[in-house]
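Trainee: Before I ask anything, let me first share the structure, which is written out below as structure tokens.
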Amino acid sequence: MSSPRILSTAETLGNLLDERILMLDGATGTQIQALQLDEAAVRGSRFANHAHDLKNFADILCLTRPDDIVQIHREYLAAGADIIETNTFGASPIGMVEFDLAPELVAEINAAAVVCARQACEEFNQRTPDRPRFVAGSIGPTTKQMAISTQVDDPSFRPVTFDEMVESYTAQTRALMEAGVDILLVETVIDTLNLKACLFAIGRYFEEQSHRVPVMVSATFNEGGATFVSGQVVEAFWHAISHFPLLSVGMNCALGPDSMRPHLETLQRIATTRISCHPNAGLPNEMGQYDLSPAEMAQFMGEFADAGWLNIVGGCCGTTPDHIRAIAERVQKIRPHRPSASDHLLHLSGTQPLTLRPEHNLLMIGERTNVAGSRKFARLIQEEKHEEAIEIAHSQIVGGANVIDINMDEGMLDSELEMVRFLRLIAGETVIAAVPVMIDSSKWSVLEAGLQSTQGKPIVNSISLKDGEAEFLRRARLCRHYGAAVIVMAFDEQGQAAETTDKVKICQRAYRLLTEQIGFPAEDIIFDPNILTVATGIEEHDNYAVNFIEATRRLKKLCPGVHVSGGVSNISFSFRGNNVVREAMHAVFLYHAVQAGLDMGIVNAGQLAVYEEIDPELK
């Protein structure tokens, strides 16, 4: 008779979460403040002569006063915590810069913190082996921001690059993983682009090491329900990170549970993973103290649990072991939240969400912020008249565009630089930042630069089989890691497809590669079967519009779940200068293409003729 298989820590954790609500600990910082340590006590002998004050860097206590940290963990475990967070909130290279601490200390601090948490957990595991406790490696947001500028006079300024942030998060991830955490907890997220860099770093580390642990994400929202710095509403935030396989997503800090209620309700409704919540003990009073009592907080959290919203619950600023004990007693017999099932729709986001639903007529993608398609926009970018260029984007949205296509492919421009600069500039424009962007380029380096500058969920335009399957899949994987939907052109190693059969064949091949080899969701695949110019004087071009429409019809049947897009103005290039004819051609083409299944089109929003109003003879 074979021995029973020993469950992994991740499996054990998952099984427990299916059975009951698990308790996270409370505010380590609050307990450290209660120790009333002065600067000398925090520094210890090792850092006595350090050039910078360290009292506000609590993570250093894992090296200078580890016994205090272990005791804090013990108190939360005794109060009922199942998951203990390491005291590593700021222990990343970028997080430690302001304290003038060497990056070499990152590994040591994180390892020491895991030892403290593990020691406390193992003590309780030995006493009650049927109730395991888990160590969650805490990863904070750092003191830098990428989604918006931190300089009033320069909206394109960012104090750190995406790659620098990835390297910083990688260093902390590596340290926590090598020290043996059970979970990675990315918490107090105030900037979604920072979070995307963190998830990119974690995902890359997991792949390189062929070892992974469950990942929790917890964001911080203001009373209006937007991320505290980057201004993304809850649903847009979820769409931006939903590509990453998470143990849970949740909310913490900034708000008390009463203010958090409507935003948590939204999150638990739309998220397809488990839900965590560890709010502050109310909002701070005039003295900076938190007034919500353990009983009051337990009542709020109990109501959330009764509603079926919670899987993991704990406390943030102002919460003590007494708060955790009261909450644990209140929720101990309540069934955990059951995650929502995926609706398999295309979800995009800027600071606001955008969902393409079956009843949607046509998603309009504004084309005028494209240097290759708009002489005016190209001139403004070349002359660095960015305020006027931004106004073009604004006018496209006012004209009805749901998404903004941004292309900087022009020989006289540094395309990567201009793509990044423009995306950073519009991030500070409320109306424009609300909508998703389409990052458009024929150069992969430009596409990737754009992906590293976008906090929402964008569309990449485009990837193709032009450079072979290996490169196609490499780029597709990266698009997925960055959290983007992709446009796939009907273009392979032999060239651009013009005939219906070739369009369908290439797209079907790409569909199989994406869905079967890398698990790319069908709803995030958008085919562009090439809208090519008609009426060029070459007879074989005359059927190009019909070829596109027929290919669209077939692809929607043969590739379940995908979407179809195209650059509509391509159809009428032969009539440049004759806008009346061009606008009529666009309207007639769209009338038939939408009926065949076209989901979205790159258009000059606000200048589309209405099909029913076109002169019958012209039509």
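Labels for the structure tokens follow display order: chains A, B, ..., residues from 1 in each chain, ligands from 1.
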Stretch 420-465 of chain A near stretch 184-191 of chain A within 12 Å: what's each residue's closest atom pair and its distance in Å to one decimal, counting only C-alpha atoms, ordered by chain then ascending residue number, as CSV?
Mentor:
```
residue,atom,partner,partner_atom,distance
A:Thr454,CA,A:Asp191,CA,11.2
A:Gln455,CA,A:Asp191,CA,8.0
A:Gly456,CA,A:Asp191,CA,10.7
```
Trainee: Write out as a PyMOL selection string the residues lying within 7 Å of A:Ala236, counting only C-alpha atoms and excluding same-chain residues fewer than 5 positions away.
Mentor: chain A and resi 349-353+456
Trainee: For the residues in the current selection, export N, CA, C and O atoms as a PDB file, in the first residue's frame.
Mentor:
```pdb
ATOM      1  N   SER A 349      -8.522  48.790 -19.715  1.00  0.00           N
ATOM      2  CA  SER A 349      -8.672  49.881 -18.754  1.00  0.00           C
ATOM      3  C   SER A 349      -7.632  50.958 -18.951  1.00  0.00           C
ATOM      4  O   SER A 349      -6.510  50.704 -19.396  1.00  0.00           O
ATOM      5  N   GLY A 350      -8.069  52.188 -18.642  1.00  0.00           N
ATOM      6  CA  GLY A 350      -7.177  53.289 -18.355  1.00  0.00           C
ATOM      7  C   GLY A 350      -7.323  53.485 -16.855  1.00  0.00           C
ATOM      8  O   GLY A 350      -7.112  52.572 -16.075  1.00  0.00           O
ATOM      9  N   THR A 351      -7.746  54.688 -16.432  1.00  0.00           N
ATOM     10  CA  THR A 351      -8.131  54.827 -15.028  1.00  0.00           C
ATOM     11  C   THR A 351      -9.566  54.369 -14.833  1.00  0.00           C
ATOM     12  O   THR A 351     -10.011  54.158 -13.706  1.00  0.00           O
ATOM     13  N   GLN A 352     -10.306  54.214 -15.945  1.00  0.00           N
ATOM     14  CA  GLN A 352     -11.668  53.685 -15.923  1.00  0.00           C
ATOM     15  C   GLN A 352     -11.693  52.366 -16.689  1.00  0.00           C
ATOM     16  O   GLN A 352     -10.872  52.135 -17.577  1.00  0.00           O
ATOM     17  N   PRO A 353     -12.642  51.488 -16.384  1.00  0.00           N
ATOM     18  CA  PRO A 353     -12.719  50.201 -17.080  1.00  0.00           C
ATOM     19  C   PRO A 353     -13.443  50.318 -18.413  1.00  0.00           C
ATOM     20  O   PRO A 353     -14.260  51.222 -18.622  1.00  0.00           O
ATOM     21  N   GLY A 456      -2.762  50.907 -17.012  1.00  0.00           N
ATOM     22  CA  GLY A 456      -3.985  50.148 -17.238  1.00  0.00           C
ATOM     23  C   GLY A 456      -3.731  48.906 -18.062  1.00  0.00           C
ATOM     24  O   GLY A 456      -2.613  48.419 -18.175  1.00  0.00           O
TER      25      GLY A 456
END
```
Trainee: Using DSSP on the backbone coordinates, identify the residues of stretch 367-426 of chain A assigned to strand (DSSP E); present them as a list in words.
Mentor: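 Secondary structure check on stretch 367-426 of chain A, strand (DSSP E): Val403, Ile404, Asp405, Ile406 and Asn407 of chain A.
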Trainee: Find the spatial neighbours of A:Pro529, counting only C-alpha atoms, within a cut-off of 10 Å - ignore same-chain residues fewer than 3 positions away - and output them as a list in words.
Mentor: Ile487, Val488, Met489, Ala490, Phe491, Gln496, Ala497, Ala498, Glu499, Thr500, Asp502, Lys503, Val504, Ile506, Cys507, Ile526, Leu532, Asn547, Phe548, Ile549, Glu550, Ala551, Thr552, Leu555, Val564, Ser565, Gly566 and Gly567 of chain A
Trainee: Please write the residues from the selection above to a file, keeping N, CA, C and O atoms, as a JSON list (two decimals), in the first residue's frame.
Mentor:
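What ended up in part.json:
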```
[["chain", "number", "residue", "atom", "x", "y", "z"],
["A", 487, "ILE", "N", -3.20, 42.66, -30.73],
["A", 487, "ILE", "CA", -3.66, 42.55, -32.10],
["A", 487, "ILE", "C", -2.65, 41.68, -32.85],
["A", 487, "ILE", "O", -1.44, 41.90, -32.77],
["A", 488, "VAL", "N", -3.17, 40.68, -33.55],
["A", 488, "VAL", "CA", -2.33, 39.78, -34.35],
["A", 488, "VAL", "C", -2.64, 40.03, -35.82],
["A", 488, "VAL", "O", -3.78, 39.85, -36.26],
["A", 489, "MET", "N", -1.64, 40.47, -36.55],
["A", 489, "MET", "CA", -1.81, 40.75, -37.97],
["A", 489, "MET", "C", -1.80, 39.46, -38.78],
["A", 489, "MET", "O", -1.11, 38.50, -38.45],
["A", 490, "ALA", "N", -2.58, 39.44, -39.86],
["A", 490, "ALA", "CA", -2.57, 38.32, -40.80],
["A", 490, "ALA", "C", -1.32, 38.45, -41.69],
["A", 490, "ALA", "O", -1.37, 38.84, -42.85],
["A", 491, "PHE", "N", -0.20, 38.13, -41.08],
["A", 491, "PHE", "CA", 1.11, 38.33, -41.71],
["A", 491, "PHE", "C", 2.00, 37.19, -41.23],
["A", 491, "PHE", "O", 2.14, 36.97, -40.03],
["A", 496, "GLN", "N", 2.27, 39.50, -46.15],
["A", 496, "GLN", "CA", 0.94, 39.94, -45.72],
["A", 496, "GLN", "C", -0.13, 39.22, -46.53],
["A", 496, "GLN", "O", -0.06, 39.14, -47.76],
["A", 497, "ALA", "N", -1.15, 38.73, -45.85],
["A", 497, "ALA", "CA", -2.23, 38.00, -46.52],
["A", 497, "ALA", "C", -3.21, 38.97, -47.17],
["A", 497, "ALA", "O", -3.67, 39.92, -46.53],
["A", 498, "ALA", "N", -3.52, 38.72, -48.43],
["A", 498, "ALA", "CA", -4.49, 39.54, -49.16],
["A", 498, "ALA", "C", -5.77, 38.78, -49.46],
["A", 498, "ALA", "O", -6.86, 39.35, -49.45],
["A", 499, "GLU", "N", -5.64, 37.48, -49.73],
["A", 499, "GLU", "CA", -6.81, 36.67, -50.07],
["A", 499, "GLU", "C", -7.46, 36.09, -48.82],
["A", 499, "GLU", "O", -6.79, 35.83, -47.82],
["A", 500, "THR", "N", -8.74, 35.87, -48.89],
["A", 500, "THR", "CA", -9.51, 35.40, -47.74],
["A", 500, "THR", "C", -8.92, 34.14, -47.13],
["A", 500, "THR", "O", -8.72, 34.04, -45.91],
["A", 502, "ASP", "N", -5.93, 32.88, -47.22],
["A", 502, "ASP", "CA", -4.65, 33.11, -46.56],
["A", 502, "ASP", "C", -4.82, 33.84, -45.23],
["A", 502, "ASP", "O", -4.13, 33.53, -44.25],
["A", 503, "LYS", "N", -5.72, 34.82, -45.20],
["A", 503, "LYS", "CA", -5.99, 35.55, -43.96],
["A", 503, "LYS", "C", -6.43, 34.58, -42.86],
["A", 503, "LYS", "O", -5.92, 34.61, -41.73],
["A", 504, "VAL", "N", -7.38, 33.73, -43.21],
["A", 504, "VAL", "CA", -7.93, 32.79, -42.23],
["A", 504, "VAL", "C", -6.88, 31.77, -41.80],
["A", 504, "VAL", "O", -6.75, 31.47, -40.61],
["A", 506, "ILE", "N", -3.56, 31.99, -41.70],
["A", 506, "ILE", "CA", -2.54, 32.57, -40.83],
["A", 506, "ILE", "C", -3.11, 32.83, -39.43],
["A", 506, "ILE", "O", -2.47, 32.53, -38.41],
["A", 507, "CYS", "N", -4.31, 33.38, -39.37],
["A", 507, "CYS", "CA", -4.90, 33.69, -38.07],
["A", 507, "CYS", "C", -5.22, 32.43, -37.28],
["A", 507, "CYS", "O", -5.03, 32.40, -36.06],
["A", 526, "ILE", "N", -6.96, 39.73, -30.65],
["A", 526, "ILE", "CA", -7.69, 40.54, -31.63],
["A", 526, "ILE", "C", -7.01, 40.37, -32.98],
["A", 526, "ILE", "O", -5.84, 40.74, -33.13],
["A", 532, "LEU", "N", -7.08, 46.34, -46.77],
["A", 532, "LEU", "CA", -6.19, 46.83, -47.83],
["A", 532, "LEU", "C", -6.95, 47.75, -48.77],
["A", 532, "LEU", "O", -8.18, 47.70, -48.89],
["A", 547, "ASN", "N", -12.80, 40.59, -49.22],
["A", 547, "ASN", "CA", -11.93, 39.57, -48.62],
["A", 547, "ASN", "C", -11.84, 39.75, -47.10],
["A", 547, "ASN", "O", -11.90, 38.78, -46.33],
["A", 548, "PHE", "N", -11.69, 40.99, -46.67],
["A", 548, "PHE", "CA", -11.60, 41.26, -45.23],
["A", 548, "PHE", "C", -12.90, 40.88, -44.54],
["A", 548, "PHE", "O", -12.89, 40.24, -43.47],
["A", 549, "ILE", "N", -14.01, 41.27, -45.12],
["A", 549, "ILE", "CA", -15.31, 40.99, -44.50],
["A", 549, "ILE", "C", -15.56, 39.49, -44.40],
["A", 549, "ILE", "O", -16.00, 38.98, -43.38],
["A", 550, "GLU", "N", -15.25, 38.77, -45.45],
["A", 550, "GLU", "CA", -15.46, 37.32, -45.44],
["A", 550, "GLU", "C", -14.50, 36.64, -44.46],
["A", 550, "GLU", "O", -14.89, 35.70, -43.75],
["A", 551, "ALA", "N", -13.26, 37.10, -44.39],
["A", 551, "ALA", "CA", -12.31, 36.54, -43.44],
["A", 551, "ALA", "C", -12.79, 36.77, -42.01],
["A", 551, "ALA", "O", -12.67, 35.89, -41.15],
["A", 552, "THR", "N", -13.34, 37.94, -41.75],
["A", 552, "THR", "CA", -13.89, 38.26, -40.42],
["A", 552, "THR", "C", -14.99, 37.28, -40.06],
["A", 552, "THR", "O", -15.02, 36.72, -38.95],
["A", 555, "LEU", "N", -13.42, 33.82, -39.29],
["A", 555, "LEU", "CA", -12.60, 33.77, -38.08],
["A", 555, "LEU", "C", -13.46, 33.75, -36.82],
["A", 555, "LEU", "O", -13.13, 33.07, -35.83],
["A", 564, "VAL", "N", -12.08, 40.96, -33.75],
["A", 564, "VAL", "CA", -11.50, 41.38, -35.03],
["A", 564, "VAL", "C", -11.48, 42.90, -35.10],
["A", 564, "VAL", "O", -12.45, 43.56, -34.73],
["A", 565, "SER", "N", -10.35, 43.42, -35.57],
["A", 565, "SER", "CA", -10.17, 44.87, -35.70],
["A", 565, "SER", "C", -9.54, 45.17, -37.05],
["A", 565, "SER", "O", -9.08, 44.27, -37.76],
["A", 566, "GLY", "N", -9.50, 46.45, -37.39],
["A", 566, "GLY", "CA", -8.84, 46.86, -38.62],
["A", 566, "GLY", "C", -8.71, 48.37, -38.72],
["A", 566, "GLY", "O", -9.46, 49.11, -38.09],
["A", 567, "GLY", "N", -7.72, 48.80, -39.49],
["A", 567, "GLY", "CA", -7.52, 50.22, -39.75],
["A", 567, "GLY", "C", -8.41, 50.66, -40.91],
["A", 567, "GLY", "O", -8.06, 50.42, -42.08]]
```
Trainee: Quick one: pick out all alpha helix (DSSP H) residues within stretch 322-439 of chain A from a backbone DSSP run and write them as a PyMOL selection string.
Mentor: chain A and resi 322-331+375-382+386-398+415-426+430-433
Trainee: Hey, which of A:Leu61, A:Gly137, A:Phe300, A:Gln172 ends up closest to A:Ala91? Count only C-alpha atoms.
Mentor: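 Selected residue with least distance to A:Ala91: A:Gln172.
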Trainee: Name the closest residue to A:Asp405 among the candidates A:Val603, A:Met216, A:Leu362, A:Ala341; distances are taken between atoms, counting only C-alpha atoms.
Mentor: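 When distances to A:Asp405 are compared using only C-alpha atoms, the smallest one comes from A:Val603.
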Trainee: Fewer than 2 positions away in the same chain doesn't count, so skip those; otherwise give me all residues within 12 Å of A:Ala485, counting only C-alpha atoms, as a PyMOL selection string.
Mentor: chain A and resi 239-240+242-243+345-349+436-439+451+456-463+475-483+487-488+514+520-527+562-563
Trainee: Set the distance at 7 Å and use only C-alpha atoms: which residues neighbour stretch 252-254 of chain A once local chain neighbours fewer than 6 positions away are removed? I'd like the list as number ranges by chain.
Mentor: A: 188, 218-222, 277-280, 316-317
Trainee: Keeping only N, CA, C and O atoms, write the selected residues as a PDB file, in the first residue's frame.
Mentor:
```
ATOM      1  N   THR A 188      -0.343  47.485   0.098  1.00  0.00           N
ATOM      2  CA  THR A 188      -0.438  48.942   0.135  1.00  0.00           C
ATOM      3  C   THR A 188      -0.094  49.540  -1.223  1.00  0.00           C
ATOM      4  O   THR A 188       0.640  50.520  -1.328  1.00  0.00           O
ATOM      5  N   SER A 218      -2.618  43.495  -2.455  1.00  0.00           N
ATOM      6  CA  SER A 218      -3.560  44.329  -1.716  1.00  0.00           C
ATOM      7  C   SER A 218      -3.293  45.794  -2.037  1.00  0.00           C
ATOM      8  O   SER A 218      -2.179  46.283  -1.869  1.00  0.00           O
ATOM      9  N   ALA A 219      -4.323  46.480  -2.518  1.00  0.00           N
ATOM     10  CA  ALA A 219      -4.177  47.871  -2.954  1.00  0.00           C
ATOM     11  C   ALA A 219      -4.808  48.829  -1.958  1.00  0.00           C
ATOM     12  O   ALA A 219      -5.636  48.451  -1.133  1.00  0.00           O
ATOM     13  N   THR A 220      -4.415  50.081  -2.072  1.00  0.00           N
ATOM     14  CA  THR A 220      -4.915  51.136  -1.200  1.00  0.00           C
ATOM     15  C   THR A 220      -5.728  52.129  -2.029  1.00  0.00           C
ATOM     16  O   THR A 220      -5.209  52.726  -2.979  1.00  0.00           O
ATOM     17  N   PHE A 221      -6.996  52.290  -1.654  1.00  0.00           N
ATOM     18  CA  PHE A 221      -7.915  53.159  -2.391  1.00  0.00           C
ATOM     19  C   PHE A 221      -8.347  54.323  -1.509  1.00  0.00           C
ATOM     20  O   PHE A 221      -8.427  54.210  -0.282  1.00  0.00           O
ATOM     21  N   ASN A 222      -8.656  55.454  -2.160  1.00  0.00           N
ATOM     22  CA  ASN A 222      -9.171  56.590  -1.405  1.00  0.00           C
ATOM     23  C   ASN A 222     -10.685  56.446  -1.222  1.00  0.00           C
ATOM     24  O   ASN A 222     -11.292  55.470  -1.678  1.00  0.00           O
ATOM     25  N   CYS A 277      -8.812  41.502   2.967  1.00  0.00           N
ATOM     26  CA  CYS A 277      -9.134  42.848   3.448  1.00  0.00           C
ATOM     27  C   CYS A 277      -8.452  43.053   4.794  1.00  0.00           C
ATOM     28  O   CYS A 277      -8.680  42.283   5.729  1.00  0.00           O
ATOM     29  N   HIS A 278      -7.588  44.051   4.883  1.00  0.00           N
ATOM     30  CA  HIS A 278      -7.033  44.423   6.186  1.00  0.00           C
ATOM     31  C   HIS A 278      -6.963  45.949   6.292  1.00  0.00           C
ATOM     32  O   HIS A 278      -5.951  46.578   6.018  1.00  0.00           O
ATOM     33  N   PRO A 279      -8.081  46.542   6.715  1.00  0.00           N
ATOM     34  CA  PRO A 279      -8.182  48.006   6.807  1.00  0.00           C
ATOM     35  C   PRO A 279      -7.535  48.559   8.074  1.00  0.00           C
ATOM     36  O   PRO A 279      -7.160  47.821   8.984  1.00  0.00           O
ATOM     37  N   ASN A 280      -7.424  49.874   8.084  1.00  0.00           N
ATOM     38  CA  ASN A 280      -6.984  50.559   9.290  1.00  0.00           C
ATOM     39  C   ASN A 280      -8.076  50.485  10.354  1.00  0.00           C
ATOM     40  O   ASN A 280      -9.248  50.230  10.048  1.00  0.00           O
ATOM     41  N   CYS A 316      -4.653  46.698   9.419  1.00  0.00           N
ATOM     42  CA  CYS A 316      -3.515  47.539   9.038  1.00  0.00           C
ATOM     43  C   CYS A 316      -3.307  48.572  10.142  1.00  0.00           C
ATOM     44  O   CYS A 316      -3.477  48.262  11.315  1.00  0.00           O
ATOM     45  N   CYS A 317      -2.984  49.800   9.794  1.00  0.00           N
ATOM     46  CA  CYS A 317      -2.567  50.806  10.774  1.00  0.00           C
ATOM     47  C   CYS A 317      -3.538  50.915  11.955  1.00  0.00           C
ATOM     48  O   CYS A 317      -4.752  51.005  11.775  1.00  0.00           O
TER      49      CYS A 317
END
```
Trainee: Can you list, as a count of residues only, every protein, DNA or RNA residue that comes within 8 Å of A:Asp182 when you count only C-alpha atoms, leaving out same-chain residues fewer than 6 positions away?
Mentor: 8
Trainee: Please, what distance in Å, to one decimal, runs between atom CA of A:Gly26 and atom CA of A:Leu267?
Mentor: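 One can read the atom CA of A:Gly26 to atom CA of A:Leu267 distance as 21.7 Å.
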Trainee: Applying 9 Å and only C-alpha atoms, which residues near A:Phe162 remain after dropping the ones on its own chain fewer than 5 positions away? List them as a count of residues only.
Mentor: 7
Trainee: Find the residue from A:Asn311, A:Ser293, A:Gln494, A:Asn110 that sits nearest to A:Glu19; use only C-alpha atoms when measuring.
Mentor: A:Asn311
Trainee: Pick from A:Ala120, A:Leu413, A:Val166, A:Ile432: nearest to A:Ile392, with only C-alpha atoms counted?
Mentor: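 Result for the nearest residue to A:Ile392: A:Ile432.
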Trainee: For the atom pair atom CA of A:Leu363 and atom CA of A:Leu598, what is the interatomic distance in Å to one decimal place?
Mentor: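 So the two atoms, atom CA of A:Leu363 and atom CA of A:Leu598, lie 9.2 Å apart.
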Trainee: With only C-alpha atoms as the basis for distance, which of A:Arg474, A:Arg74, A:Arg368, A:His52 is at the shortest distance from A:Ile602?
Mentor: A:Arg368
